[in-house]
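Text of protein07.tsv, listed as TSV, C-alpha atoms:
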chain	number	residue	atom	x	y	z
A	329	MET	CA	29.38	-2.69	3.29
A	330	GLU	CA	28.07	-3.64	6.73
A	331	GLY	CA	25.64	-1.25	8.38
A	332	GLU	CA	27.05	0.43	11.46
A	333	GLU	CA	24.94	0.49	14.61
A	334	GLY	CA	21.67	2.21	13.76
A	335	THR	CA	22.36	2.55	10.00
A	336	GLN	CA	20.88	0.42	7.24
A	337	GLN	CA	23.08	-1.04	4.50
A	338	GLN	CA	23.01	1.60	1.72
A	339	HIS	CA	21.89	-0.77	-1.04
A	340	LEU	CA	18.86	-1.87	1.01
A	341	THR	CA	18.01	1.80	1.59
A	342	LEU	CA	18.18	2.27	-2.19
A	343	ALA	CA	15.99	-0.82	-2.74
A	344	HIS	CA	13.30	0.65	-0.45
A	345	LYS	CA	13.37	3.95	-2.37
A	346	LEU	CA	13.00	2.08	-5.66
A	347	PHE	CA	10.03	0.20	-4.17
A	348	LEU	CA	8.37	3.49	-3.15
A	349	LEU	CA	9.02	4.93	-6.63
A	350	SER	CA	7.11	2.04	-8.19
A	351	HIS	CA	4.28	2.13	-5.62
A	352	PRO	CA	1.02	3.45	-7.14
A	353	ASP	CA	0.00	5.22	-3.90
A	354	THR	CA	3.21	7.27	-3.54
A	355	GLU	CA	2.45	10.96	-4.11
A	356	ASP	CA	3.93	12.63	-7.22
A	357	ILE	CA	5.88	15.23	-5.24
A	358	GLU	CA	7.40	12.42	-3.13
A	359	LYS	CA	8.34	10.55	-6.31
A	360	VAL	CA	10.25	13.62	-7.57
A	361	ARG	CA	12.31	13.68	-4.34
A	362	LEU	CA	12.87	9.90	-4.43
A	363	ARG	CA	13.94	10.00	-8.08
A	364	GLY	CA	16.63	12.56	-7.22
A	365	GLU	CA	17.89	10.49	-4.26
A	366	VAL	CA	17.97	7.29	-6.35
A	367	LEU	CA	19.95	9.03	-9.11
A	368	ASP	CA	22.45	10.38	-6.54
A	369	ALA	CA	22.92	6.89	-5.03
A	370	VAL	CA	23.33	5.26	-8.47
A	371	ARG	CA	25.92	7.84	-9.54
A	372	ALA	CA	27.80	7.75	-6.21
A	373	ASN	CA	28.22	3.95	-6.47
A	374	ASP	CA	28.76	3.82	-10.27
A	375	MET	CA	25.82	1.41	-10.67
A	376	ALA	CA	25.90	1.46	-14.48
A	377	SER	CA	23.80	-1.69	-15.09
A	378	LEU	CA	21.10	-0.54	-12.65
A	379	TYR	CA	21.14	2.93	-14.25
A	380	GLU	CA	20.49	1.37	-17.68
A	381	SER	CA	17.67	-0.88	-16.40
A	382	LEU	CA	16.00	2.04	-14.57
A	383	ALA	CA	16.25	4.16	-17.71
A	384	SER	CA	14.71	1.40	-19.85
A	385	ALA	CA	11.85	1.16	-17.30
A	386	SER	CA	11.37	4.97	-17.57
A	387	VAL	CA	12.19	5.47	-13.89
A	388	LEU	CA	15.23	7.65	-14.68
A	389	GLU	CA	16.26	9.59	-17.75
A	390	ILE	CA	19.50	8.31	-19.23
A	391	ASP	CA	22.49	10.60	-19.71
A	392	ALA	CA	25.03	9.02	-22.08
A	393	ALA	CA	27.91	11.07	-20.66
A	394	VAL	CA	27.10	9.95	-17.09
A	395	LEU	CA	26.85	6.30	-18.19
A	396	ASP	CA	30.20	6.47	-20.03
A	397	SER	CA	31.81	8.07	-16.99
A	398	MET	CA	30.50	5.26	-14.75
A	399	ARG	CA	31.80	2.56	-17.10
A	400	LYS	CA	35.21	4.21	-17.28
A	401	LYS	CA	35.46	4.43	-13.47
A	402	ILE	CA	34.42	0.75	-13.14
A	403	GLU	CA	37.06	-0.29	-15.68
A	404	GLU	CA	39.79	1.67	-13.90
A	405	GLU	CA	38.83	0.35	-10.46
A	406	LEU	CA	38.70	-3.27	-11.65
A	407	LYS	CA	42.15	-2.87	-13.19
A	408	LYS	CA	43.51	-1.62	-9.83
A	409	LEU	CA	41.82	-4.47	-7.94
A	410	ASP	CA	43.22	-7.10	-10.35
A	411	GLU	CA	46.70	-5.60	-9.91
A	412	LYS	CA	46.34	-5.85	-6.11
A	413	ILE	CA	45.27	-9.50	-6.40
A	414	ALA	CA	48.23	-10.30	-8.67
A	415	ASP	CA	50.64	-8.50	-6.33
A	416	ALA	CA	49.24	-10.30	-3.26
A	417	GLU	CA	49.51	-13.70	-4.97
A	418	GLU	CA	53.14	-13.06	-5.95
A	419	ASN	CA	54.53	-11.23	-2.93
A	420	LEU	CA	52.20	-11.57	0.07
A	421	GLY	CA	50.54	-14.21	2.24
A	422	GLU	CA	47.21	-16.05	2.04
A	423	SER	CA	45.31	-13.56	4.22
A	424	GLU	CA	46.37	-10.65	1.96
A	425	VAL	CA	45.26	-12.64	-1.14
A	426	ARG	CA	41.86	-13.22	0.51
A	427	GLU	CA	41.52	-9.52	1.40
A	428	ALA	CA	42.30	-8.54	-2.21
A	429	HIS	CA	39.62	-10.93	-3.53
A	430	LEU	CA	37.15	-9.69	-0.90
A	431	ALA	CA	37.75	-6.08	-2.00
A	432	LYS	CA	36.85	-7.09	-5.57
A	433	SER	CA	33.68	-8.87	-4.33
A	434	LEU	CA	32.59	-5.79	-2.39
A	435	PHE	CA	33.22	-3.60	-5.42
A	436	TYR	CA	30.93	-5.76	-7.57
A	437	ILE	CA	28.29	-5.53	-4.83
A	438	GLN	CA	28.75	-1.74	-4.72
A	439	ILE	CA	28.17	-1.32	-8.47
A	440	GLY	CA	25.17	-3.69	-8.38
A	441	ASP	CA	26.61	-6.41	-10.63
A	442	LYS	CA	24.84	-9.38	-9.03
A	443	GLU	CA	26.22	-12.25	-11.14
A	444	LYS	CA	29.85	-11.14	-10.97
A	445	ALA	CA	29.52	-10.37	-7.26
A	446	LEU	CA	28.26	-13.92	-6.59
A	447	GLU	CA	31.09	-15.42	-8.69
A	448	GLN	CA	33.72	-13.35	-6.89
A	449	LEU	CA	32.26	-14.19	-3.47
A	450	LYS	CA	32.67	-17.90	-4.35
A	451	VAL	CA	36.30	-17.26	-5.32
A	452	THR	CA	36.83	-15.39	-2.03
A	453	GLU	CA	35.26	-18.26	-0.06
A	454	GLY	CA	37.75	-20.62	-1.68
A	455	LYS	CA	40.54	-18.48	-0.21
A	456	THR	CA	38.88	-18.36	3.25
A	457	VAL	CA	39.61	-20.78	6.10
A	458	ALA	CA	37.90	-19.29	9.19
A	459	ILE	CA	34.22	-20.21	9.68
A	460	GLY	CA	33.38	-16.69	10.90
A	461	GLN	CA	34.79	-15.10	7.73
A	462	LYS	CA	32.91	-17.60	5.57
A	463	MET	CA	29.74	-16.62	7.44
A	464	ASP	CA	30.39	-12.95	6.67
A	465	LEU	CA	30.50	-13.84	2.96
A	466	VAL	CA	27.12	-15.56	3.34
A	467	PHE	CA	25.72	-12.38	4.92
A	468	TYR	CA	26.94	-10.37	1.90
A	469	THR	CA	25.14	-12.88	-0.34
A	470	LEU	CA	21.97	-12.58	1.75
A	471	GLN	CA	22.07	-8.78	1.46
A	472	LEU	CA	22.33	-9.16	-2.32
A	473	GLY	CA	19.36	-11.53	-2.19
A	474	PHE	CA	17.23	-9.03	-0.26
A	475	PHE	CA	18.24	-6.19	-2.60
A	476	TYR	CA	16.95	-8.15	-5.61
A	477	MET	CA	14.25	-10.04	-3.60
A	478	ASP	CA	15.77	-13.27	-4.94
A	479	PHE	CA	14.16	-15.77	-2.54
A	480	ASP	CA	15.87	-18.78	-4.10
A	481	LEU	CA	19.29	-17.22	-3.46
A	482	ILE	CA	18.25	-16.25	0.09
A	483	SER	CA	16.99	-19.76	0.87
A	484	ARG	CA	20.17	-21.41	-0.44
A	485	SER	CA	22.33	-18.96	1.50
A	486	ILE	CA	20.47	-19.62	4.76
A	487	ASP	CA	20.93	-23.38	4.26
A	488	ARG	CA	24.62	-22.78	3.56
A	489	ALA	CA	24.96	-20.71	6.75
A	490	LYS	CA	23.33	-23.45	8.84
A	491	LYS	CA	25.78	-26.03	7.46
A	492	LEU	CA	28.68	-23.73	8.36
A	493	PHE	CA	27.35	-23.41	11.91
A	494	GLU	CA	27.46	-27.20	12.24
A	495	GLU	CA	31.25	-26.84	11.85
A	496	GLY	CA	31.45	-24.05	14.43
A	497	GLY	CA	30.69	-20.33	14.54
A	498	ASP	CA	30.07	-17.72	17.21
A	499	TRP	CA	26.75	-16.82	18.85
A	500	GLU	CA	26.75	-13.24	17.54
A	501	ARG	CA	26.63	-14.45	13.94
A	502	LYS	CA	24.10	-17.17	14.80
A	503	ASN	CA	21.80	-14.54	16.29
A	504	ARG	CA	22.24	-12.33	13.23
A	505	LEU	CA	21.27	-15.26	11.00
A	506	LYS	CA	18.00	-15.66	12.95
A	507	VAL	CA	16.99	-12.13	11.95
A	508	TYR	CA	17.91	-12.77	8.30
A	509	GLU	CA	15.90	-16.01	8.32
A	510	GLY	CA	13.01	-14.28	10.12
A	511	LEU	CA	12.90	-11.58	7.44
A	512	TYR	CA	12.96	-14.28	4.73
A	513	CYS	CA	10.09	-16.16	6.45
A	514	MET	CA	8.06	-12.96	6.81
A	515	SER	CA	8.69	-12.07	3.15
A	516	THR	CA	7.47	-15.52	2.09
A	517	ARG	CA	4.36	-15.44	4.32
A	518	ASN	CA	5.59	-17.85	6.99
A	519	PHE	CA	4.59	-15.47	9.78
A	520	LYS	CA	4.61	-18.05	12.59
A	521	LYS	CA	8.24	-19.04	12.05
A	522	ALA	CA	9.20	-15.37	11.50
A	523	ALA	CA	7.61	-14.41	14.85
A	524	ASN	CA	9.51	-17.14	16.71
A	525	LEU	CA	12.84	-16.18	15.13
A	526	PHE	CA	12.30	-12.46	15.80
A	527	LEU	CA	11.30	-13.11	19.43
A	528	ASP	CA	14.46	-15.20	19.92
A	529	SER	CA	16.54	-12.24	18.70
A	530	ILE	CA	14.97	-9.38	20.66
A	531	SER	CA	17.63	-9.18	23.39
A	532	THR	CA	20.58	-9.87	21.04
A	533	PHE	CA	19.65	-7.77	17.99
A	534	THR	CA	22.68	-6.37	16.13
A	535	THR	CA	21.47	-6.67	12.53
A	536	TYR	CA	21.35	-2.94	11.82
A	537	GLU	CA	22.46	-3.48	8.21
A	538	LEU	CA	18.96	-4.86	7.46
A	539	PHE	CA	16.82	-2.38	9.39
A	540	SER	CA	16.66	-0.31	12.58
A	541	TYR	CA	15.67	-1.75	15.96
A	542	ASP	CA	12.35	0.16	15.78
A	543	THR	CA	11.53	-1.54	12.47
A	544	PHE	CA	12.55	-4.89	13.96
A	545	ILE	CA	10.10	-4.41	16.86
A	546	PHE	CA	7.40	-3.37	14.35
A	547	TYR	CA	7.88	-6.66	12.44
A	548	THR	CA	8.04	-8.67	15.69
A	549	VAL	CA	4.72	-7.32	16.99
A	550	LEU	CA	2.92	-7.66	13.65
A	551	THR	CA	4.01	-11.27	13.11
A	552	SER	CA	3.38	-12.24	16.76
A	553	ILE	CA	-0.21	-10.96	16.83
A	554	ILE	CA	-1.34	-13.42	14.14
A	555	SER	CA	0.91	-16.28	15.27
A	556	LEU	CA	0.85	-16.53	19.08
A	557	ASP	CA	-1.95	-17.60	21.41
A	558	ARG	CA	-3.20	-15.10	23.98
A	559	VAL	CA	-1.04	-16.40	26.87
A	560	SER	CA	2.17	-16.43	24.79
A	561	LEU	CA	1.39	-12.97	23.41
A	562	LYS	CA	1.14	-11.60	26.97
A	563	GLN	CA	4.40	-13.23	28.12
A	564	LYS	CA	6.57	-12.68	25.05
A	565	VAL	CA	5.26	-9.43	23.57
A	566	VAL	CA	2.86	-7.37	25.73
A	567	ASP	CA	5.08	-7.58	28.85
A	568	ALA	CA	8.48	-7.82	27.10
A	569	PRO	CA	10.71	-4.98	28.42
A	570	GLU	CA	12.64	-4.72	25.13
A	571	ILE	CA	9.38	-4.12	23.25
A	572	LEU	CA	7.97	-1.75	25.88
A	573	THR	CA	10.98	0.59	25.56
A	574	VAL	CA	10.45	1.05	21.80
A	575	ILE	CA	6.78	0.43	20.98
A	576	GLY	CA	5.67	3.95	21.94
A	577	LYS	CA	7.89	5.46	19.20
A	578	ILE	CA	6.03	3.60	16.43
A	579	PRO	CA	2.69	5.25	15.50
A	580	HIS	CA	-0.43	3.20	16.38
A	581	LEU	CA	1.53	0.04	17.29
A	582	SER	CA	1.11	0.22	21.08
A	583	GLU	CA	-2.63	0.87	20.78
A	584	PHE	CA	-2.89	-1.92	18.18
A	585	LEU	CA	-1.26	-4.50	20.47
A	586	ASN	CA	-2.72	-3.45	23.83
A	587	SER	CA	-6.28	-2.87	22.60
A	588	LEU	CA	-6.28	-6.39	21.10
A	589	TYR	CA	-5.03	-7.94	24.35
A	590	GLY	CA	-7.33	-5.73	26.45
A	591	CYS	CA	-10.39	-6.53	24.26
A	592	GLN	CA	-10.89	-2.84	23.42
A	593	TYR	CA	-12.14	-3.62	19.95
A	594	LYS	CA	-13.20	-0.11	18.93
A	595	SER	CA	-9.72	1.21	19.73
A	596	PHE	CA	-8.21	-1.80	17.97
A	597	PHE	CA	-9.99	-1.00	14.68
A	598	SER	CA	-8.91	2.63	14.95
A	599	ALA	CA	-5.24	1.67	15.43
A	600	PHE	CA	-5.58	-1.02	12.76
A	601	SER	CA	-6.62	1.52	10.13
A	602	GLY	CA	-3.65	3.72	11.13
A	603	LEU	CA	-1.20	0.82	10.68
A	604	THR	CA	-2.45	-0.15	7.21
A	605	GLU	CA	-0.48	2.68	5.57
A	606	GLN	CA	2.77	1.54	7.19
A	607	ILE	CA	2.19	-2.04	6.07
A	608	LYS	CA	1.20	-0.98	2.57
A	609	PHE	CA	4.42	1.02	2.13
A	610	ASP	CA	6.70	-1.68	3.56
A	611	ARG	CA	8.76	-3.46	0.92
A	612	TYR	CA	8.60	-6.86	2.63
A	613	LEU	CA	5.00	-6.76	3.89
A	614	GLN	CA	3.23	-5.08	0.97
A	615	PRO	CA	2.86	-8.28	-1.15
A	616	HIS	CA	1.02	-9.88	1.80
A	617	PHE	CA	-1.09	-6.82	2.66
A	618	ARG	CA	-4.52	-8.35	1.94
A	619	TYR	CA	-3.58	-11.69	3.53
A	620	TYR	CA	-2.34	-9.98	6.70
A	621	MET	CA	-5.49	-7.85	6.95
A	622	ARG	CA	-7.62	-11.01	6.78
A	623	GLU	CA	-5.52	-12.88	9.36
A	624	VAL	CA	-5.66	-10.02	11.88
A	625	ARG	CA	-9.43	-9.75	11.53
A	626	THR	CA	-9.74	-13.54	11.98
A	627	VAL	CA	-7.76	-13.29	15.24
A	628	VAL	CA	-9.81	-10.42	16.66
A	629	TYR	CA	-13.23	-11.83	15.64
A	630	SER	CA	-12.30	-15.26	17.04
A	631	GLN	CA	-11.20	-13.65	20.32
A	632	PHE	CA	-14.49	-11.76	20.63
A	633	LEU	CA	-16.65	-14.81	19.87
A	634	GLU	CA	-14.63	-17.02	22.26
A	635	SER	CA	-16.48	-15.39	25.19
A	636	TYR	CA	-20.00	-16.16	23.91
A	637	LYS	CA	-22.25	-19.10	23.12
A	638	SER	CA	-24.45	-16.62	21.25
A	639	VAL	CA	-24.37	-12.85	20.82
A	640	THR	CA	-26.47	-10.34	18.89
A	641	MET	CA	-25.04	-8.81	15.74
A	642	GLU	CA	-25.87	-5.37	17.12
A	643	ALA	CA	-23.80	-5.99	20.28
A	644	MET	CA	-20.80	-7.11	18.22
A	645	ALA	CA	-21.15	-4.14	15.84
A	646	THR	CA	-21.27	-1.75	18.81
A	647	ALA	CA	-18.18	-3.37	20.38
A	648	PHE	CA	-16.21	-2.84	17.16
A	649	GLY	CA	-17.63	0.61	16.38
A	650	VAL	CA	-19.00	-0.43	12.98
A	651	SER	CA	-22.43	-0.99	11.41
A	652	VAL	CA	-24.43	-4.23	11.66
A	653	ASP	CA	-24.33	-4.57	7.85
A	654	PHE	CA	-20.52	-4.38	7.88
A	655	ILE	CA	-20.23	-7.09	10.55
A	656	ASP	CA	-22.76	-9.25	8.69
A	657	LEU	CA	-20.79	-9.00	5.44
A	658	GLU	CA	-17.42	-9.53	7.18
A	659	LEU	CA	-18.45	-12.56	9.21
A	660	SER	CA	-20.27	-14.24	6.32
A	661	ARG	CA	-17.01	-14.20	4.32
A	662	PHE	CA	-14.92	-15.61	7.16
A	663	ILE	CA	-17.53	-18.29	8.01
A	664	ALA	CA	-17.75	-19.38	4.35
A	665	ALA	CA	-13.93	-19.63	4.22
A	666	GLY	CA	-13.91	-21.81	7.36
A	667	LYS	CA	-11.99	-19.18	9.37
A	668	LEU	CA	-14.69	-18.67	12.03
A	669	HIS	CA	-16.71	-21.41	13.76
A	670	CYS	CA	-20.12	-19.82	14.10
A	671	LYS	CA	-23.38	-19.34	12.19
A	672	ILE	CA	-25.57	-16.31	11.60
A	673	ASP	CA	-29.27	-16.34	12.45
A	674	LYS	CA	-30.29	-13.51	10.15
A	675	VAL	CA	-33.95	-13.46	11.29
A	676	ALA	CA	-33.12	-13.12	14.99
A	677	GLY	CA	-29.98	-11.05	14.30
A	678	VAL	CA	-27.93	-13.44	16.44
A	679	LEU	CA	-24.53	-15.11	16.08
A	680	GLU	CA	-24.29	-18.65	17.45
A	681	THR	CA	-20.83	-20.13	17.99
A	682	ASN	CA	-20.19	-23.80	17.27
A	683	ARG	CA	-16.69	-24.44	18.48
A	684	PRO	CA	-15.12	-27.56	16.99
A	685	ASP	CA	-14.47	-30.44	19.37
A	686	ALA	CA	-10.66	-30.72	19.28
A	687	LYS	CA	-10.66	-34.34	20.54
A	688	ASN	CA	-13.25	-35.41	17.95
A	689	ALA	CA	-11.34	-33.62	15.17
A	690	LEU	CA	-8.13	-35.42	16.19
A	691	TYR	CA	-10.00	-38.76	16.17
A	692	GLN	CA	-11.38	-38.11	12.66
A	693	ALA	CA	-7.92	-37.08	11.39
A	694	THR	CA	-6.38	-40.26	12.85
A	695	ILE	CA	-9.03	-42.45	11.16
A	696	LYS	CA	-8.48	-40.68	7.84
A	697	GLN	CA	-4.70	-41.05	8.02
A	698	GLY	CA	-5.07	-44.69	9.09
A	699	ASP	CA	-7.25	-45.47	6.06
A	700	PHE	CA	-4.73	-43.78	3.79
A	701	LEU	CA	-1.86	-45.81	5.33
A	702	LEU	CA	-3.76	-49.12	4.97
A	703	ASN	CA	-4.49	-48.37	1.32
A	704	ARG	CA	-0.80	-47.66	0.69
A	705	ILE	CA	0.22	-50.92	2.43
A	706	GLN	CA	-2.30	-52.91	0.35
A	707	LYS	CA	-0.95	-51.39	-2.89
A	708	LEU	CA	2.62	-52.11	-1.80
A	709	SER	CA	1.76	-55.75	-0.93
A	710	ARG	CA	0.34	-56.28	-4.43
A	711	VAL	CA	3.58	-54.98	-5.97
A	712	ILE	CA	5.65	-57.29	-3.71
A	713	ASP	CA	3.46	-60.31	-4.59
A	714	LEU	CA	4.07	-59.69	-8.29
Reformat the file's structure so that it appears as structure tokens.
Amino acid sequence: MEGEEGTQQQHLTLAHKLFLLSHPDTEDIEKVRLRGEVLDAVRANDMASLYESLASASVLEIDAAVLDSMRKKIEEELKKLDEKIADAEENLGESEVREAHLAKSLFYIQIGDKEKALEQLKVTEGKTVAIGQKMDLVFYTLQLGFFYMDFDLISRSIDRAKKLFEEGGDWERKNRLKVYEGLYCMSTRNFKKAANLFLDSISTFTTYELFSYDTFIFYTVLTSIISLDRVSLKQKVVDAPEILTVIGKIPHLSEFLNSLYGCQYKSFFSAFSGLTEQIKFDRYLQPHFRYYMREVRTVVYSQFLESYKSVTMEAMATAFGVSVDFIDLELSRFIAAGKLHCKIDKVAGVLETNRPDAKNALYQATIKQGDFLLNRIQKLSRVIDL
């Protein structure tokens, strides 16, 4: 079940194909190819329950003979696995009993029976002593969670893994967990934490069962751009040798990163439009597509305005290679949302920046929190007096 070096776990590959099948922007001819590949994967792994659910959703056409054949194979295989468990319990040692239970767990994962797989993994954990082997079971659970995008299951599994590491555990598995947690954070829009976890794992990446190293670098750069300050971005991303060796293979990514850092805003917007398709067709990033687009634009507009006390709208539009009307509309939205600290003088066609005083803002926040605390203490003292 684990992906070998450079190969994604087959169920996660299938999940991505199912995502593309349901995507409204996937071309019809591509959907025909994907439908065939999905059917082949479902039949090869005897995924009877998934076959039925896809048929009911009109993704695949159901074939009763194929479904019966799958069910028969599942029944036969489960009978063999139960016999192996019984034989191991009667005649063999504890490690053989655990291996027999693990084989049954992996079979349930293979056929896509989530509930039974989770039950059997718990049974297998009960037969497991070594921390490393328990961690491997958590990784299987996490893969199930990412297949079904069950964030509650993923969150609980990550917490479970961290508790196991308090008892021990090797660095290789700890580093793998960082990538799993980073993917979970990215999928739940916690881009800052995802960026930090991904950056910590760059030199130790071995989590090929989730995605390739190229995809990992893609996620690392995208999350870092909207999370890191300019100095950190230069040190950890722009000049990182591990990123430099791969970034050129990913379309538009090098131009996207370097044009932002080099303040080449026209090139940045060109690369940005090229990357939107990749983000839109990514299973983990697509739900956050609009949010990510806004955050990137906030970063680049803030960086441009940082250099000026005031600047003409025409100069900014020229720098970005867009029209004055576009910049006017864009900035007015971001200013109204409190994302940019500037104001537009429409008559003069000038942008005036009004950077917030960080020290004054901290003072105001302290006063506000102090008032809140005093109110709470007063309420508490009344309760005590009673």
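Environment of (7.9, -1.0, 12.1): residues at most 9 Å away, judged by only C-alpha atoms, are Ser540, Tyr541, Asp542, Thr543, Phe544, Ile545, Phe546, Tyr547, Thr548, Val549, Leu550, Ile578, Pro579, Leu581, Gln606, Ile607 and Asp610 of chain A.
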Padding 8 Å on every side, please: axis-aligned box over the listed atoms of segment 603-617 of chain A, centre and edge lengths to one decimal in Å, as JSON.
{"center_x": 3.2, "center_y": -3.6, "center_z": 4.8, "size_x": 27.2, "size_y": 28.6, "size_z": 27.8}
Residues within 12 Å of Arg625 of chain A, only C-alpha atoms, excluding chain neighbours under 4 positions, as a list in words: Ile553, Ile554, Leu588, Tyr593, Phe596, Phe597, Phe600, Ser601, Arg618, Tyr619, Tyr620, Met621, Tyr629, Ser630, Gln631, Phe632, Phe648, Ile655, Glu658, Leu659, Arg661, Phe662, Lys667 and Leu668 of chain A
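Distance annotation: of A:Leu505, A:Tyr636, A:Arg611, A:Glu447, the residue with the minimal separation from Leu348 of chain A is A:Arg611; atom set is all atoms listed in the file.
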Which neighbours of His351 of chain A fall inside 12 Å, counting all atoms listed in the file, when residues of the same chain fewer than 3 positions from it are skipped, and could you give them as an NGL selection string? :A and (344-348 or 354-356 or 358-359 or 362 or 387 or 608-611 or 614-615)
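Within 12 Å of Asp391 of chain A, once only C-alpha atoms are used and residues closer than 3 positions along the same chain are dropped, the contacting residues are Leu367, Arg371, Ala376, Tyr379, Glu380, Leu382, Ala383, Leu388, Val394, Leu395, Asp396, Ser397 and Met398 of chain A.
Each of A:Thr640, A:Thr341, A:Asn703, A:Thr646 was checked against Ile672 of chain A using all atoms listed in the file; the smallest atom-to-atom distance is that of A:Thr640.
Neighbouring residues of Arg501 of chain A at 9 Å or closer, counting all atoms listed in the file and skipping chain neighbours under 4 positions away, are Gly460, Met463, Asp464, Gly497, Leu505 and Lys506 of chain A.
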Writer output for current selection, C-alpha atoms, as a short mmCIF file (atom, residue, chain, number, x, y, z; two decimals), keeping the file's coordinate frame:
data_model
loop_
_atom_site.label_atom_id
_atom_site.label_comp_id
_atom_site.auth_asym_id
_atom_site.auth_seq_id
_atom_site.Cartn_x
_atom_site.Cartn_y
_atom_site.Cartn_z
CA GLY A 460 33.38 -16.69 10.90
CA MET A 463 29.74 -16.62 7.44
CA ASP A 464 30.39 -12.95 6.67
CA GLY A 497 30.69 -20.33 14.54
CA LEU A 505 21.27 -15.26 11.00
CA LYS A 506 18.00 -15.66 12.95
#
